[in-house]
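This is query-v8.csv (CSV, C-alpha atoms and all ligand atoms).
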```csv
chain,number,residue,atom,x,y,z
M,77,MET,CA,0.0,0.0,0.0
M,78,ALA,CA,1.3,3.5,-0.8
M,79,PRO,CA,2.4,5.5,2.3
M,80,LEU,CA,-0.1,7.9,3.7
M,81,LEU,CA,2.5,10.7,3.6
M,82,SER,CA,5.6,10.9,1.3
M,83,VAL,CA,8.0,13.7,1.6
M,84,ASP,CA,10.5,13.8,-1.3
M,85,ASP,CA,13.5,16.0,-1.6
M,86,LEU,CA,12.0,18.7,0.5
M,87,ARG,CA,14.0,21.9,0.5
M,88,VAL,CA,13.2,25.0,2.6
M,89,THR,CA,15.3,28.2,2.6
M,90,PHE,CA,14.6,31.5,4.4
M,91,ASP,CA,15.9,34.8,3.0
M,92,THR,CA,17.3,36.6,6.0
M,93,ASP,CA,19.5,39.6,6.6
M,94,ARG,CA,22.2,37.1,7.6
M,95,GLY,CA,22.0,35.4,4.2
M,96,ILE,CA,20.0,32.3,3.0
M,97,VAL,CA,19.2,30.0,5.8
M,98,ARG,CA,19.1,26.4,4.6
M,99,ALA,CA,16.6,24.9,7.0
M,100,LEU,CA,15.9,21.7,5.0
M,101,ASP,CA,18.1,20.6,2.3
M,102,GLY,CA,16.7,17.6,0.4
M,103,VAL,CA,14.8,15.7,3.1
M,104,SER,CA,12.8,12.6,2.2
M,105,PHE,CA,10.8,10.3,4.5
M,106,GLU,CA,7.5,8.5,4.6
M,107,VAL,CA,4.7,7.9,7.1
M,108,ASN,CA,2.5,4.8,6.7
M,109,ARG,CA,-1.1,4.6,7.8
M,110,GLY,CA,-1.5,4.0,11.5
M,111,GLU,CA,2.2,4.2,12.4
M,112,THR,CA,4.3,6.6,14.6
M,113,VAL,CA,7.3,8.1,13.0
M,114,CYS,CA,9.6,10.2,15.2
M,115,LEU,CA,11.6,13.0,13.8
M,116,VAL,CA,14.6,13.5,16.1
M,117,GLY,CA,17.6,15.8,16.1
M,118,GLU,CA,19.1,18.7,18.1
M,119,SER,CA,17.4,22.0,18.3
M,120,GLY,CA,17.7,23.9,15.0
M,121,SER,CA,18.0,20.8,12.8
M,122,GLY,CA,14.8,21.6,10.9
M,123,LYS,CA,12.1,19.5,12.7
M,124,THR,CA,9.5,22.2,13.1
M,125,VAL,CA,10.1,23.6,9.6
M,126,ALA,CA,9.6,20.0,8.2
M,127,CYS,CA,6.3,19.7,10.0
M,128,GLU,CA,5.1,23.1,9.0
M,129,SER,CA,6.1,22.7,5.4
M,130,LEU,CA,3.8,19.7,4.9
M,131,THR,CA,0.8,21.9,4.7
M,132,ARG,CA,2.7,25.1,3.9
M,133,LEU,CA,2.2,26.6,7.4
M,134,VAL,CA,5.6,28.2,7.0
M,135,PRO,CA,5.3,31.8,5.7
M,136,THR,CA,6.3,32.1,2.1
M,137,PRO,CA,8.1,34.5,1.9
M,138,PRO,CA,10.5,34.6,3.7
M,139,ALA,CA,10.5,30.8,3.2
M,140,ARG,CA,11.0,29.2,-0.2
M,141,LEU,CA,9.9,25.6,-0.6
M,142,SER,CA,10.7,22.9,-3.2
M,143,GLY,CA,10.3,19.2,-3.4
M,144,THR,CA,7.1,17.1,-3.2
M,145,VAL,CA,4.7,16.3,-0.4
M,146,THR,CA,2.2,13.6,-1.2
M,147,PHE,CA,-0.7,12.9,1.2
M,148,ASP,CA,-3.1,10.1,0.4
M,149,GLY,CA,-2.6,10.6,-3.3
M,150,HIS,CA,-2.9,14.4,-3.2
M,151,ASP,CA,0.1,16.5,-4.2
M,152,LEU,CA,0.2,19.0,-1.4
M,153,SER,CA,3.2,20.8,-2.8
M,154,SER,CA,1.2,22.2,-5.7
M,155,ALA,CA,-2.1,22.4,-3.9
M,156,GLU,CA,-4.0,25.7,-3.7
M,157,ASN,CA,-4.1,27.5,-0.3
M,158,GLY,CA,-7.8,26.7,0.0
M,159,THR,CA,-7.2,23.0,-0.5
M,160,LEU,CA,-4.5,23.0,2.1
M,161,SER,CA,-6.5,24.8,4.7
M,162,SER,CA,-9.4,22.3,4.2
M,163,ILE,CA,-7.0,19.4,4.7
M,164,ARG,CA,-5.4,21.1,7.7
M,165,GLY,CA,-7.4,20.4,10.8
M,166,ASP,CA,-9.5,17.9,9.0
M,167,ARG,CA,-7.2,15.2,7.7
M,168,ILE,CA,-3.9,16.5,9.0
M,169,ALA,CA,-4.0,18.0,12.5
M,170,TYR,CA,-1.3,19.7,14.5
M,171,VAL,CA,-0.4,19.8,18.1
M,172,PHE,CA,2.5,22.2,19.0
M,173,GLN,CA,4.7,22.7,22.0
M,174,ASN,CA,2.8,25.5,23.8
M,175,PRO,CA,-0.9,24.8,24.2
M,176,GLN,CA,-1.6,28.4,25.1
M,177,ASP,CA,-0.6,29.4,21.5
M,178,ALA,CA,-3.4,27.2,20.2
M,179,LEU,CA,-6.1,28.4,22.6
M,180,ASP,CA,-7.7,31.8,22.5
M,181,PRO,CA,-7.8,33.2,26.1
M,182,VAL,CA,-11.1,35.1,25.5
M,183,TYR,CA,-13.3,32.1,24.6
M,184,THR,CA,-14.2,29.1,26.7
M,185,VAL,CA,-12.5,25.8,25.8
M,186,GLY,CA,-15.9,24.4,24.9
M,187,SER,CA,-16.7,27.1,22.4
M,188,GLN,CA,-13.3,26.7,20.8
M,189,LEU,CA,-13.8,22.9,20.5
M,190,VAL,CA,-17.3,23.4,19.0
M,191,GLU,CA,-15.7,25.9,16.5
M,192,ALA,CA,-13.0,23.3,15.6
M,193,ILE,CA,-15.7,20.7,14.9
M,194,ARG,CA,-18.0,23.0,12.9
M,195,LEU,CA,-15.1,24.4,10.8
M,196,HIS,CA,-15.0,21.2,8.9
M,197,ARG,CA,-18.2,19.5,9.6
M,198,ASP,CA,-21.7,20.7,9.0
M,199,VAL,CA,-23.3,19.7,12.2
M,200,PRO,CA,-25.9,21.5,14.3
M,201,LYS,CA,-24.5,23.4,17.4
M,202,LYS,CA,-26.2,21.0,19.8
M,203,ARG,CA,-24.6,17.9,18.3
M,204,ALA,CA,-21.2,19.7,18.1
M,205,ARG,CA,-21.5,20.5,21.8
M,206,ARG,CA,-22.3,16.9,22.7
M,207,ARG,CA,-19.3,15.8,20.6
M,208,ALA,CA,-17.1,18.4,22.3
M,209,VAL,CA,-18.0,17.1,25.7
M,210,GLU,CA,-17.3,13.5,24.6
M,211,LEU,CA,-13.9,14.6,23.3
M,212,LEU,CA,-13.0,16.4,26.5
M,213,ASP,CA,-13.9,13.2,28.3
M,214,ARG,CA,-11.9,11.1,25.9
M,215,VAL,CA,-8.7,13.1,26.5
M,216,GLY,CA,-9.0,12.7,30.2
M,217,ILE,CA,-10.6,16.1,31.4
M,218,PRO,CA,-12.5,15.3,34.6
M,219,ASN,CA,-16.1,16.7,34.7
M,220,PRO,CA,-16.1,17.6,31.0
M,221,ALA,CA,-19.6,19.0,31.0
M,222,GLU,CA,-18.8,21.6,33.6
M,223,ARG,CA,-15.3,22.4,32.4
M,224,PHE,CA,-16.7,23.0,28.9
M,225,ASP,CA,-17.7,26.5,30.0
M,226,GLU,CA,-14.3,27.4,31.6
M,227,TYR,CA,-11.6,29.5,30.0
M,228,PRO,CA,-8.1,28.3,29.1
M,229,HIS,CA,-6.5,30.0,32.1
M,230,GLU,CA,-8.6,27.9,34.4
M,231,PHE,CA,-6.7,24.8,33.1
M,232,SER,CA,-3.2,23.6,34.0
M,233,GLY,CA,-0.6,23.2,31.3
M,234,GLY,CA,-1.2,19.5,31.0
M,235,MET,CA,-5.0,19.9,30.9
M,236,LYS,CA,-4.6,22.7,28.3
M,237,GLN,CA,-2.5,20.4,26.1
M,238,ARG,CA,-5.3,17.7,26.5
M,239,VAL,CA,-7.8,20.3,25.2
M,240,VAL,CA,-5.5,21.0,22.2
M,241,ILE,CA,-5.3,17.3,21.5
M,242,ALA,CA,-9.1,17.1,21.7
M,243,MET,CA,-9.3,20.0,19.1
M,244,ALA,CA,-6.8,18.2,16.9
M,245,LEU,CA,-9.0,15.0,17.1
M,246,ALA,CA,-12.2,16.9,16.4
M,247,CYS,CA,-12.4,15.7,12.8
M,248,ASP,CA,-10.7,12.3,13.1
M,249,PRO,CA,-7.5,13.2,11.2
M,250,ASP,CA,-5.6,10.5,9.4
M,251,LEU,CA,-2.3,12.1,10.4
M,252,LEU,CA,-1.5,13.9,13.7
M,253,VAL,CA,1.6,16.0,13.6
M,254,ALA,CA,2.8,16.5,17.1
M,255,ASP,CA,5.7,18.9,17.4
M,256,GLU,CA,7.3,18.5,20.9
M,257,PRO,CA,3.9,18.4,22.5
M,258,THR,CA,5.2,17.4,25.9
M,259,THR,CA,8.4,19.5,26.0
M,260,ALA,CA,6.9,22.3,27.9
M,261,LEU,CA,5.3,20.0,30.5
M,262,ASP,CA,6.7,18.4,33.7
M,263,VAL,CA,7.8,14.8,33.5
M,264,THR,CA,4.7,13.2,35.1
M,265,THR,CA,2.3,15.3,33.0
M,266,GLN,CA,4.4,14.4,29.9
M,267,SER,CA,4.1,10.7,30.5
M,268,GLY,CA,0.3,11.0,30.8
M,269,ILE,CA,0.1,12.9,27.5
M,270,LEU,CA,2.3,10.4,25.7
M,271,HIS,CA,0.2,7.6,27.1
M,272,LEU,CA,-3.0,9.3,25.9
M,273,LEU,CA,-1.6,9.9,22.4
M,274,GLN,CA,-0.6,6.2,22.1
M,275,THR,CA,-4.1,5.1,23.2
M,276,LEU,CA,-5.8,7.5,20.9
M,277,GLN,CA,-3.6,6.4,18.0
M,278,ALA,CA,-4.3,2.8,18.5
M,279,GLU,CA,-8.1,3.2,18.8
M,280,ARG,CA,-8.3,5.4,15.7
M,281,ASP,CA,-5.6,3.8,13.6
M,282,MET,CA,-4.2,7.3,13.1
M,283,ALA,CA,-0.7,8.0,11.8
M,284,VAL,CA,1.5,10.2,14.0
M,285,LEU,CA,4.5,12.3,13.0
M,286,PHE,CA,6.0,13.0,16.4
M,287,VAL,CA,8.8,15.5,16.8
M,288,THR,CA,11.1,15.4,19.8
M,289,HIS,CA,14.7,15.9,20.8
M,290,ASP,CA,14.1,13.4,23.6
M,291,LEU,CA,15.3,9.8,22.8
M,292,GLY,CA,13.5,8.5,25.9
M,293,VAL,CA,10.2,9.6,24.2
M,294,VAL,CA,11.3,8.1,20.9
M,295,ALA,CA,12.0,4.7,22.6
M,296,GLN,CA,8.5,4.8,24.1
M,297,ILE,CA,6.4,5.6,21.1
M,298,ALA,CA,8.2,5.3,17.8
M,299,ASP,CA,7.7,2.6,15.1
M,300,ARG,CA,10.2,4.3,12.9
M,301,VAL,CA,12.7,7.1,13.4
M,302,VAL,CA,14.1,9.8,11.1
M,303,VAL,CA,17.3,11.4,12.4
M,304,LEU,CA,17.7,15.0,11.1
M,305,TYR,CA,20.9,17.0,11.4
M,306,ALA,CA,21.3,20.6,10.0
M,307,GLY,CA,18.6,20.1,7.5
M,308,LYS,CA,19.7,16.7,6.2
M,309,VAL,CA,18.5,13.2,7.0
M,310,MET,CA,21.4,11.3,8.6
M,311,GLU,CA,19.6,8.0,9.2
M,312,ARG,CA,16.2,6.4,8.9
M,313,GLY,CA,15.1,3.1,10.3
M,314,ASN,CA,12.8,1.2,12.6
M,315,VAL,CA,13.1,2.0,16.3
M,316,PHE,CA,15.0,-1.2,17.1
M,317,ASP,CA,17.6,-0.7,14.4
M,318,ILE,CA,18.1,2.9,15.5
M,319,PHE,CA,18.6,2.1,19.1
M,320,ASP,CA,20.4,-1.3,18.8
M,321,ARG,CA,22.4,-0.9,15.6
M,322,PRO,CA,22.7,2.9,14.9
M,323,ALA,CA,24.7,3.3,11.7
M,324,HIS,CA,25.5,7.0,11.6
M,325,PRO,CA,28.0,8.4,14.1
M,326,TYR,CA,25.6,11.2,14.8
M,327,THR,CA,22.9,8.8,15.9
M,328,GLY,CA,25.5,7.0,18.0
M,329,ALA,CA,26.5,10.3,19.6
M,330,LEU,CA,22.8,11.3,20.2
M,331,LEU,CA,22.2,8.0,22.0
M,332,ASP,CA,25.4,8.4,24.0
M,333,SER,CA,24.3,11.9,25.1
M,334,VAL,CA,21.3,10.7,27.1
M,335,PRO,CA,21.3,8.9,30.5
M,336,ARG,CA,21.0,5.2,30.0
M,337,ARG,CA,21.5,2.2,32.2
M,338,GLY,CA,25.1,1.6,33.1
M,339,ALA,CA,26.6,4.4,31.1
M,340,THR,CA,27.5,8.0,31.8
M,341,PRO,CA,26.0,10.4,29.3
M,342,GLU,CA,28.5,12.0,27.0
M,343,PRO,CA,27.3,15.3,25.5
M,344,ILE,CA,28.1,15.8,21.8
M,345,GLY,CA,31.0,18.2,21.5
M,346,GLY,CA,30.6,21.3,19.3
M,347,SER,CA,27.4,22.7,17.9
M,348,LEU,CA,25.2,22.8,14.8
M,349,PRO,CA,26.8,24.5,11.8
M,350,ASP,CA,25.7,28.0,10.7
M,351,PRO,CA,22.6,27.3,8.6
M,352,THR,CA,23.6,30.1,6.2
M,353,ASP,CA,27.0,28.5,5.5
M,354,PRO,CA,26.9,24.7,6.1
M,355,PRO,CA,30.1,22.8,5.7
M,356,ALA,CA,30.9,20.8,2.5
M,357,GLY,CA,30.7,17.1,2.7
M,358,CYS,CA,28.8,15.5,5.5
M,359,ARG,CA,27.2,18.2,7.6
M,360,PHE,CA,28.2,16.3,10.8
M,361,HIS,CA,31.9,16.0,9.8
M,362,PRO,CA,33.2,18.9,12.0
M,363,ARG,CA,31.9,17.1,15.1
M,364,CYS,CA,32.5,13.5,13.9
M,365,PRO,CA,35.3,11.6,15.5
M,366,HIS,CA,35.5,9.3,12.5
M,367,ALA,CA,35.7,12.0,9.8
M,368,THR,CA,38.2,11.5,7.0
M,369,ASP,CA,39.0,13.6,4.0
M,370,ASP,CA,36.3,11.9,2.1
M,371,CYS,CA,33.8,13.3,4.6
M,372,ARG,CA,35.0,16.9,4.2
M,373,THR,CA,34.4,17.3,0.5
M,374,GLY,CA,31.5,17.2,-2.0
M,375,ASP,CA,27.9,16.9,-0.9
M,376,GLN,CA,26.2,15.1,1.9
M,377,PRO,CA,26.7,11.4,1.1
M,378,PRO,CA,23.7,9.8,-0.6
M,379,VAL,CA,21.5,7.7,1.6
M,380,HIS,CA,22.5,4.0,1.5
M,381,ALA,CA,20.7,1.0,2.8
M,382,VAL,CA,22.5,-0.5,5.8
M,383,ASP,CA,21.1,-3.9,5.2
M,384,GLY,CA,18.2,-5.5,3.4
M,385,SER,CA,15.6,-3.8,5.6
M,386,ASP,CA,14.4,-0.2,5.5
M,387,HIS,CA,17.4,1.1,7.5
M,388,ASP,CA,19.2,3.9,5.6
M,389,VAL,CA,22.2,6.0,6.4
M,390,SER,CA,23.9,9.0,4.8
M,391,CYS,CA,27.6,8.3,5.7
M,392,VAL,CA,30.6,7.7,3.5
M,393,TYR,CA,31.5,4.6,5.4
M,394,TYR,CA,28.5,2.9,3.9
M,395,ASP,CA,29.1,3.8,0.3
M,396,ASP,CA,30.5,1.3,-2.2
M,397,ASP,CA,34.1,2.4,-1.8
M,398,HIS,CA,34.3,2.0,1.9
M,399,ASP,CA,34.0,-0.7,4.5
M,400,ALA,CA,31.5,0.1,7.2
M,401,SER,CA,33.1,-2.5,9.5
M,402,GLU,CA,36.0,-0.1,10.1
M,403,LEU,CA,33.5,2.4,11.5
M,404,ALA,CA,31.7,-0.4,13.3
M,405,GLU,CA,34.9,-1.6,15.0
M,406,ALA,CA,35.9,1.9,15.9
M,407,ASP,CA,32.6,2.9,17.5
M,408,GLY,CA,30.4,-0.2,17.9
M,409,LEU,CA,28.1,1.0,15.2
M,410,ALA,CA,26.1,-1.3,12.9
M,411,ALA,CA,28.0,-2.8,10.0
M,412,ASP,CA,26.1,-3.6,6.9
M,413,ASP,CA,27.6,-7.1,6.5
M,414,ASP,CA,27.1,-8.9,9.7
M,415,GLU,CA,24.7,-9.4,12.6
M,416,SER,CA,26.4,-7.0,15.0
M,417,THR,CA,25.6,-7.4,18.7
M,418,PRO,CA,23.5,-4.6,20.1
M,419,ARG,CA,25.7,-2.1,21.9
M,420,THR,CA,22.8,-0.5,23.8
M,421,GLU,CA,20.0,-1.7,25.9
M,422,PRO,CA,17.1,-2.2,23.4
M,423,THR,CA,14.8,-0.7,26.0
M,424,ALA,CA,14.0,2.9,26.5
M,425,PRO,CA,16.7,5.0,28.0
M,426,ARG,CA,14.3,6.2,30.6
M,427,GLY,CA,12.7,2.8,31.2
M,428,ASP,CA,9.1,3.5,30.1
M,429,GLU,CA,7.2,0.6,28.6
M,430,ARG,CA,6.6,0.8,24.9
O,501,LIG,N1,11.1,32.2,10.0
O,501,LIG,C1,12.4,31.8,9.9
O,501,LIG,N2,13.3,32.7,9.4
O,501,LIG,C2,14.6,32.3,9.3
O,501,LIG,N3,15.1,31.2,9.8
O,501,LIG,C3,14.3,30.3,10.3
O,501,LIG,C4,12.9,30.5,10.4
O,501,LIG,N4,12.3,29.5,11.0
O,501,LIG,C5,13.3,28.6,11.2
O,501,LIG,N5,14.5,29.0,10.8
O,501,LIG,C6,15.8,28.4,10.9
O,501,LIG,O1,15.6,27.1,10.3
O,501,LIG,C7,16.4,26.1,11.0
O,501,LIG,C8,15.5,25.0,11.5
O,501,LIG,O2,14.7,25.5,12.5
O,501,LIG,P1,13.6,24.6,13.2
O,501,LIG,O3,12.8,23.8,12.2
O,501,LIG,O4,12.8,25.4,14.1
O,501,LIG,O5,14.5,23.6,14.1
O,501,LIG,P2,14.0,22.5,15.2
O,501,LIG,O6,12.5,22.5,15.2
O,501,LIG,O7,14.7,21.2,14.8
O,501,LIG,O8,14.6,23.0,16.5
O,501,LIG,C9,17.1,26.9,12.1
O,501,LIG,O9,18.4,27.3,11.7
O,501,LIG,C10,16.2,28.1,12.3
O,501,LIG,O10,16.9,29.2,12.8
O,502,MG,MG,11.2,22.8,16.7
```
Written as structure tokens, that's how I'd like the structure from this file.
Amino acid sequence: MAPLLSVDDLRVTFDTDRGIVRALDGVSFEVNRGETVCLVGESGSGKTVACESLTRLVPTPPARLSGTVTFDGHDLSSAENGTLSSIRGDRIAYVFQNPQDALDPVYTVGSQLVEAIRLHRDVPKKRARRRAVELLDRVGIPNPAERFDEYPHEFSGGMKQRVVIAMALACDPDLLVADEPTTALDVTTQSGILHLLQTLQAERDMAVLFVTHDLGVVAQIADRVVVLYAGKVMERGNVFDIFDRPAHPYTGALLDSVPRRGATPEPIGGSLPDPTDPPAGCRFHPRCPHATDDCRTGDQPPVHAVDGSDHDVSCVYYDDDHDASELAEADGLAADDDESTPRTEPTAPRGDER
């Protein structure tokens, strides 16, 4: 079956006073129906721009977009703004980091939810109200009928995010794009929201594109993972390959930078390159302990399959002229020619159940 969402060679630049910011530079990935794909990478790697570009939420100008976004057979990249806004909120819904940005302080949460329902569905007010209360109940708001008439400021951060999720679910989207939806919340609240998203996804068979910089969250919810770095895809694969047999040194470094059982976290040295002047060769080479001259010239290495499965990496060690086992030996990374032993616990770094 064709993927629900295909992103092919997506490029986004911003014209700024500092020069042209290359936020995304040829990014490709897919999301299948009903699966959770996590987009991971350090802050500034292009995760938010990728999400917003899907339905052209990024302002053009200053942004310039190229590449193809196909959603359920529709070419969104060439779609009219009217088509995009009818898809947005109906078939593709968004949840962002700060719930207060999605809620209007001057209207009750109930009226905003009714509005979200009636924006895409021609239902009478009374029925929309009933559905809104059901949704509030479904996302875990206690006493939903009473809380319907309260204002956003009367809700805690976690409860506000639950309301935003209810609004996102109002039209039963096929794809939920969640951009760091729990980053602004405390750890306990975060875990409740993640649990809710997992439950809702399973009962609705909804696909989720989940953005996070937190690998603990990835281990808990992802089916597949796309690792972004400075506007380029470094690695893509299922969650087990990414955690147990990471192929790109950047993925390895990301995994080593979080607390995990039996290992002291090692922060990644250095920082992201200047997006107006990215380095030649592999974008990660200035921070990569394995970089050779081959990594410092030309373009980002093409994406290669690590093995037969859908595990891909953009690293010169995996091209036809190199031997990935050298890298694997040096850093315990996955080689493409053997069954390497997992170097990490296949469980979540922060021990939550999947
Ligand atoms: N409106 C904008 N104008 C200029 N640069 C932008 C704009 N939005 C994002 N960027 C740049 O694009 C890059 C990717 O940003 P973003 O997608 O927000 O990263 P992430 O979500 O991974 O932290 C960053 O270098 C950021 O500064
Ligand atoms: Mg972001």
### Task
Could you tell me, counting all atoms listed in the file, which protein and nucleic acid residues lie no more than 6 Å from ligand LIG 501 (chain O), written as an MDAnalysis selection string?
chainID M and resid 90 97 99 119:125 351
Could you give me, as an mmCIF file with C-alpha atoms, keeping the file's coordinate frame, the residues that sit within 8 Å of (-4.2, 11.4, 5.1) in the file's coordinates, counting all atoms listed in the file?
```cif
data_model
loop_
_atom_site.group_PDB
_atom_site.id
_atom_site.type_symbol
_atom_site.label_atom_id
_atom_site.label_comp_id
_atom_site.auth_asym_id
_atom_site.auth_seq_id
_atom_site.Cartn_x
_atom_site.Cartn_y
_atom_site.Cartn_z
ATOM 1 C CA LEU M 80 -0.100 7.900 3.700
ATOM 2 C CA LEU M 81 2.500 10.700 3.600
ATOM 3 C CA ARG M 109 -1.100 4.600 7.800
ATOM 4 C CA PHE M 147 -0.700 12.900 1.200
ATOM 5 C CA ASP M 148 -3.100 10.100 0.400
ATOM 6 C CA ARG M 167 -7.200 15.200 7.700
ATOM 7 C CA ILE M 168 -3.900 16.500 9.000
ATOM 8 C CA PRO M 249 -7.500 13.200 11.200
ATOM 9 C CA ASP M 250 -5.600 10.500 9.400
ATOM 10 C CA LEU M 251 -2.300 12.100 10.400
#
```
### Task
Using all atoms listed in the file, collect all residues at a distance of at most 10 Å from (5.5, 24.0, 5.1) as written in the file, then present them as a PyMOL selection string.
chain M and resi 86-88+124-136+139-142+145+152-153
### Query
So which one's closest to ligand MG 502 (chain O), M:Asp386, M:Asp396, M:Glu256, M:Glu311? Using all atoms listed in the file, please.
M:Glu256
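Every protein, DNA or RNA residue with an atom at most 9 Å from Val215 (chain M), where only C-alpha atoms count and chain neighbours fewer than 5 positions away do not, is listed here: Glu210, Met235, Arg238, Val239, Ile241, Ala242, Ile269, Leu272, Leu273 and Leu276 of chain M.
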### Query
Could you work out how far CA of Cys371 (chain M) lies from CA of Asp388 (chain M), giving the answer in Å with one decimal?
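If I compute the distance from CA of Asp388 (chain M) to CA of Cys371 (chain M), I get 17.4 Å.
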### Nearest to Thr144 (chain M) by atom-to-atom distance, counting all atoms listed in the file, from M:Ser82, M:Thr340, M:Thr92, M:Asn108
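Distance minimum relative to Thr144 (chain M) lands on M:Ser82.
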#### Entry: Shell around Val182 (chain M) at 10 Å using only C-alpha atoms, local window under 4 positions removed, as a list in words
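Contacts, in chain order: Gln188, Tyr227, Pro228 and His229 of chain M.
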### CA of Ala356 (chain M) to CA of Tyr394 (chain M), distance in Å rounded to a single decimal
18.1 Å
### Query
Can you tell me, as a PyMOL selection string, what residues are no more than 9 Å from Leu211 (chain M) when counting only C-alpha atoms, ignoring any on the same chain fewer than 4 positions away?
chain M and resi 189+206-207+215-217+220+239+242-243+245-246
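Each of M:Ile163, M:Leu115, M:Ala329, M:Val392 was checked against ligand MG 502 (chain O) using only C-alpha atoms and all ligand atoms; the smallest atom-to-atom distance is that of M:Leu115.
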### Query
Do you know which residues are at most 12 Å from Leu291 (chain M) counting all atoms listed in the file, after dropping those on the same chain fewer than 4 positions away, and could you put them as an MDAnalysis selection string?
chainID M and resid 114:118 256 286:287 295:298 301:303 315 318:319 327:336 423:428
### Query
For ligand MG 502 (chain O), which residue among M:Asp290, M:Asp369, M:Asp255, M:Asp320 is the nearest when counting all atoms listed in the file?
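Ranked by minimum distance to ligand MG 502 (chain O), first place goes to M:Asp255.
Rounded to one decimal, CA of Ala204 (chain M) and CA of Tyr170 (chain M) lie 20.2 Å from each other.
Of the residues under consideration (M:Met310, M:Val379, M:Ala254, M:Ala323), M:Ala254 shows the shortest atom-to-atom contact distance to ligand MG 502 (chain O) when counting all atoms listed in the file.
Distances here use all atoms listed in the file; by that measure, the residue among M:Arg280, M:Leu261, M:Asn174, M:Asp375 closest to ligand MG 502 (chain O) is M:Asn174.
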### Task
Extract, using only C-alpha atoms, all DNA, RNA and protein residues at most 12 Å from Thr264 (chain M), discarding same-chain residues fewer than 5 positions from it, and format them as a ChimeraX atom specification.
/M:233-234,258-259,269-271,428
